[in-house]
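Here the structure is laid out as structure tokens; the discussion comes afterwards.
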Amino acid sequence: MTANATDARSRTSFVGAQLQGLTQEHVVLFITVLLLLAFGVLLKGFATVDNFLTLLRSISILGILALGMALIVISRGIDLSEVAIMAGAWAVGLIQMQQGMPVFWAALLALSIALAIGAVNGFMVAFVEAPALFVTLAAGFVIYGLAFWFAPAWVVYAPKDAPWLMFLGAARVLGVPLPIFVFAAMALIMHLFLSRTSIGRFIYAQGDNPESARYAGIALRPLIILEHVIVAFCAWIAGLVWIGTTGSIQMAVTQGTMIFDVILVVVLGGVSLVGGRGGVFSVIVGCALIGTLLNAFTIMDVNSEVQNIIKGVVLLAAIILDNWLHPRDEETARQGD
Amino acid sequence: MMDMVKAPPPAAATDTSEPVLRIVKGSKIYGGVHAIEDVDFDLYPGEVHALVGENGAGKSTLCKAIAGAIALTSGDYILDGKPARFEQPRDALAAGVCMVYQETSLVPTMTAAQNIELGNEKLLTRFRKLNIQAQQLLQSLNFHVDPATPVAMLGAAKKQMVEIARAIYHRARIIIFDEPTASLTPEEIVHFFHLVRDLRARGVSVIYISHALEESLQIADHITVLRDGRLVASAPASELTRASLIQHMVGRDVAQTLYGKARPARHVRREKVLTVENVTMGMTVKNMSFSVYAGEVVGIAGLIGSGRTEIAKIIFGALKRNLINGGTIRLRGKPVRYRVPKQAIDAGIAYITEDRKLNGFFETMVVDDNIYITNLATDKGWRFLLSKLRRSEIANYWVQRLRINALQRKARIIELSGGNQQKVVVAKSLAQDPSIIIFDEPTRGVDVGTIPHIHAEIRRLADEGKAVVVISSYLPEILSVCDRILVARLGRIAAEFDAATATEDKILYAAIH
């Protein structure tokens with residue numbers, strides 16, 4: 001038994017070591033490629049240029065939201081109000097447009113509402129020291145309530161005579177829908193921000209070990225506020241694309257599972273909830289897998305209940321993989337210190 | 001081992017000449033460093049066995065291994081003459097080995113009775129029956145505790161009674177106490193000793209860790225002394241005295257240490273850089289006062305809980321002293337109060353942590369990033385875009401100066417040896433160009449070969465005119481590296497020595513209460 005126990009332990013650590021070389025991005029990318037090949041062979045109408053553009057376009061809003069979420073998850077935080085910020089800020093903006101405010105100023109109003117909510121979230125987390133999970137959960141409800149108060153409609157339509165508002169969501173460049181470019185540009189900017197700037201490094205440091213970051217002299221509180229503001233900005237951009245794509249904002253999304261899809265995409269790609277790990281590439285890979293699945297489901301006409309089950313299972317699998325790749329060590333795993 | 005079914009032999013029925021527990025050549029290695037090494041330990045039924053030694057001597061490690069909280073790296077664990085191996089404290093508890101921790105492990109919101117039954121609950125519990133059972137148990141132990149009271153409302157001594165009752169309830173035959181008297185008043189200590197004697201009379205074996213030597217001498221049948229993870233003495237308490245214990249605890253042959261003789265102290269006192277006046281924080285730091293001058297190394301010795309780490313963290317802004325009557329900290333004569341470490345860092349103060357894993361480094365980052373990022377966090381080093389050139393300049397400088405293993409620079413810091421990790425943590429702080437540097441346990445968990453490098457750096461910083469404070473439990477370190485030695489005890493500075501005249505005995509006498 002003694003020997004067995006040691007054997008078992010060393011075996012798990014051996015497997016762990018083998019997998020250390022493989023990151024979660026690689027695993028997920030590999031699975032995505034397999035799925036793409038499988039669906040391409042098995043599903044009629046999957047492997048066409050048109051379908052790929054549809055696939056990419058369908059994940060670009062999710063992807064833009066996920067970029068912001070990735071940033072905050074890397075810092076060991078979370079923002080459950082991101083979708084609510086998107087819908088709430090834009091609902092108010094669109095109502096103002098309907099009531100005659102110039103499109104530009106209304107869009108700016110939506111932006112300032114979004115950023116202000118982000119700043120308040122950040123303030124609550126940084127200075128009041130309330131857990132981000134609950135602050136942003138509560139913020140989601142408040143935003144939903146307030147927005148509904150200002151704009152009492154489940155669907156708020158964009159004005160018909162605002163081509164520039166619709167541009168990002170509806171236009172095509174060289175036959176490619178613009179949302180794909182917006183996602184690509186946002187991904188590039190986010191990548192450069194996270195990997196090439198000091199603040200990016202600080203965000204990773206905070207996620208790696210907030211106490212070490214504090215002791216290293218990183219000003220955590222302003223950093224936390226900035227992170228929540230950036231999330232809100234991503235939500236604003238995503239809302240802009242959303243309006244262009246659908247011509248309206250549906251308040252119902254704040255009550256739906258969209259926020260969990262965003263988290264799914266982020267965690268799936270290897271942005272660990274432990275913090276400090278993963279990056280923009282993780283988001284892209286996560287989006288690719290989820291986009292592939294959702295697109296195939298649509299072609300196969302799988303109903304949304306089954307889709308939800310599969311998404312849930314995929315999320316669980318991703319979290320198990322994450323735990324396996326980043327195990328807690330002997331000292332922290334055991335009680336009694 | 002699966003055959004180790006619960007068959008707890010009736011207490012004290014076994015032959016008393018056979019040890020109930022034996023550790024044979026037990027070793028535990030953390031990150032390449034021996035926490036304990038080849039320790040032999042025998043415990044007899046109905047024996048009170050005290051473990052003494054300085055901080056970091058390995059007492060807690062040994063006890064955690066006995067209690068199943070950690071696994072020995074090598075060596076045999078023999079319980080009732082049969083080899084045993086516990087994967088977790090629960091298994092040890094099932095076999096009758098129970099550890100009562102310094103910080104009590106009771107659930108504060110649950111009642112005494114619920115806590116006693118904790119971990120052994122039946123599917124359905126009838127509270128009245130539970131309370132009656134607990135009452136019977138507490139009465140049989142002569143504990144005056146109401147089983148229906150939430151534990152949070154009990155005092156430290158009563159909490160300990162509940163812990164002991166829980167151990168008895170779980171049929172513990174071996175109970176380990178880690179610093180049981182640290183939070184007790186003198187009267188409570190007397191009562192606690194009665195309890196221990198009572199347990200002994202019931203045939204329960206007790207392992208007792210304490211800093212207070214008199215207590216150990218008073219209560220123990222047998223005393224084992226550990227030093228630097230090795231067993232140095234083990235004898236019946238009647239054959240030992242306070243003086244001989246200190247001798248054993250300290251007892252290093254100075255000629256054999258790496259540190260050589262204490263250096264002559266330099267009396268050239270320059271500018272008074274840091275003054276701490278009557279600083280108070282809760283119950284851990286009480287009216288602490290001292291000063292630090294540029295160009296000197298001040299050592300702070302003292303036991304864990306003496307307030308030495310806390311005062312460093314207060315100066316650094318990581319802990320907050322009392323707002324009212326919290327005392328004054330002066331930096332070059334100017335009173336300061338830092339709310340966050342960033343402010344202290346920008347004022348030129350560095351604190352090099354005692355627990356690098358907890359708050360020292362970023363485990364996902366490589367060596368260079370770890371060093372560069374702290375420089376970025378200062379006002380002077382800040383820039384928006386990262387610069388690979390500056391990163392390698394700064395990292396190169398410190399890798400060379402501290403002789404960090406350059407082959408591992410592309411490795412994540414968590415993969416480095418303890419010594420190299422510590423050097424990186426030192427580099428992280430020094431890259432912020434501080435003028436006051438506080439080292440907290442600078443060589444804890446550091447391999448022997450690296451210790452001289454760190455000590456050389458400490459001296460070098462002082463020679464460069466910086467004010468250096470070294471907090472250490474390791475007296476030879478304090479004696480060899482410091483110009484002036486302060487001894488903290490119970491939140492105050494209890495004594496001050498010149499390095500030339502200080503000895504380990506003197507310091508230890510001042511530190512132990």
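FYI, nothing fancy with the structure tokens labels: chains A, B, ... in order, residues from 1 per chain, ligands from 1 as they appear.
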
Let's see if you can do this: from backbone DSSP, list all strand (DSSP E or B) residues in region 43-246 of chain A, as JSON, numbers by chain. {"A": [155, 156, 157, 172, 173, 176, 177, 197]}

Residues as selected, C-alpha atoms, written as a compact mmCIF listing (two decimals), in the first residue's frame, can you do that?
```
# COMPACT_ATOMS: atom_id res chain seq x y z
CA VAL A 155 -36.36 45.36 -27.85
CA VAL A 156 -35.05 48.86 -28.54
CA TYR A 157 -34.65 49.55 -32.25
CA ARG A 172 -18.68 44.12 -45.70
CA VAL A 173 -15.16 44.71 -46.88
CA VAL A 176 -15.97 39.77 -45.51
CA PRO A 177 -18.37 41.03 -42.84
CA THR A 197 2.84 47.29 -21.89
```

May I have the residues of chain B within 7 Å of chain A, counting only C-alpha atoms, written as a PyMOL selection string? chain B and resi 1+69+85+341-342+345+359-364+374+376-378+383-386

Between CA of Phe41 (chain B) and CA of Gly418 (chain B), measure the distance and give it in Å to one decimal.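 Separation of CA of Phe41 (chain B) and CA of Gly418 (chain B): 27.6 Å.
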
Give me the residues within 8 Å of Ser60 (chain A) as a list in words, counting only C-alpha atoms and dropping any in the same chain fewer than 6 places off.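 Answer for this query is Pro179, Ile180, Val182 and Phe183 of chain A.
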
Find the residues near region 303-308 of chain A: any atom within 10 Å, counting only C-alpha atoms, skip ones fewer than 6 places away on the same chain, and give them as a PyMOL selection string. chain A and resi 257+261+293-294+297+314

Selection from above, N, CA and C atoms, as a CSV table (one decimal), in the first residue's frame, can you write it?
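Saved file part-v8.csv follows:
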```csv
chain,number,residue,atom,x,y,z
A,257,THR,N,-28.3,33.4,-20.9
A,257,THR,CA,-27.0,32.7,-20.5
A,257,THR,C,-25.8,33.3,-21.3
A,261,ASP,N,-21.8,32.1,-21.7
A,261,ASP,CA,-21.1,31.7,-22.9
A,261,ASP,C,-19.7,32.5,-23.0
A,293,LEU,N,-18.8,24.5,-32.9
A,293,LEU,CA,-19.9,23.7,-32.3
A,293,LEU,C,-21.2,24.3,-32.6
A,294,LEU,N,-21.4,25.6,-32.3
A,294,LEU,CA,-22.7,26.2,-32.5
A,294,LEU,C,-23.1,26.2,-33.9
A,297,PHE,N,-24.2,22.8,-34.8
A,297,PHE,CA,-25.5,22.6,-34.2
A,297,PHE,C,-26.6,23.2,-35.1
A,314,VAL,N,-18.9,20.9,-21.9
A,314,VAL,CA,-17.6,21.4,-22.4
A,314,VAL,C,-16.9,22.3,-21.4
```

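Counting from CA of Ala165 (chain B), the distance to CA of Ile70 (chain B) is 24.2 Å.
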
Contacts of Leu29 (chain A) at 12 Å or less, counting only C-alpha atoms, minus same-chain residues fewer than 4 places along, as a ChimeraX atom specification? /A:22-25,33-36,268-270,281-290,292

Writer output for current selection, C-alpha atoms, as a tab-separated table (two decimals), in the first residue's frame:
```tsv
chain	number	residue	atom	x	y	z
A	22	LEU	CA	1.07	20.93	-23.88
A	23	THR	CA	-0.87	24.01	-22.95
A	24	GLN	CA	-4.63	24.13	-22.85
A	25	GLU	CA	-4.57	26.26	-26.00
A	33	VAL	CA	-9.23	21.10	-35.88
A	34	LEU	CA	-10.54	17.56	-35.39
A	35	LEU	CA	-14.10	18.86	-35.18
A	36	LEU	CA	-13.65	21.06	-38.25
A	268	LEU	CA	-12.13	26.99	-22.48
A	269	GLY	CA	-9.17	28.55	-24.21
A	270	GLY	CA	-6.96	28.32	-21.15
A	281	PHE	CA	-4.73	33.47	-28.23
A	282	SER	CA	-6.72	31.50	-25.64
A	283	VAL	CA	-9.79	33.58	-26.43
A	284	ILE	CA	-9.40	33.05	-30.15
A	285	VAL	CA	-9.02	29.31	-29.72
A	286	GLY	CA	-11.98	29.16	-27.34
A	287	CYS	CA	-14.09	31.16	-29.79
A	288	ALA	CA	-13.07	28.87	-32.63
A	289	LEU	CA	-14.20	25.77	-30.76
A	290	ILE	CA	-17.48	27.20	-29.55
A	292	THR	CA	-17.56	25.53	-34.68
```
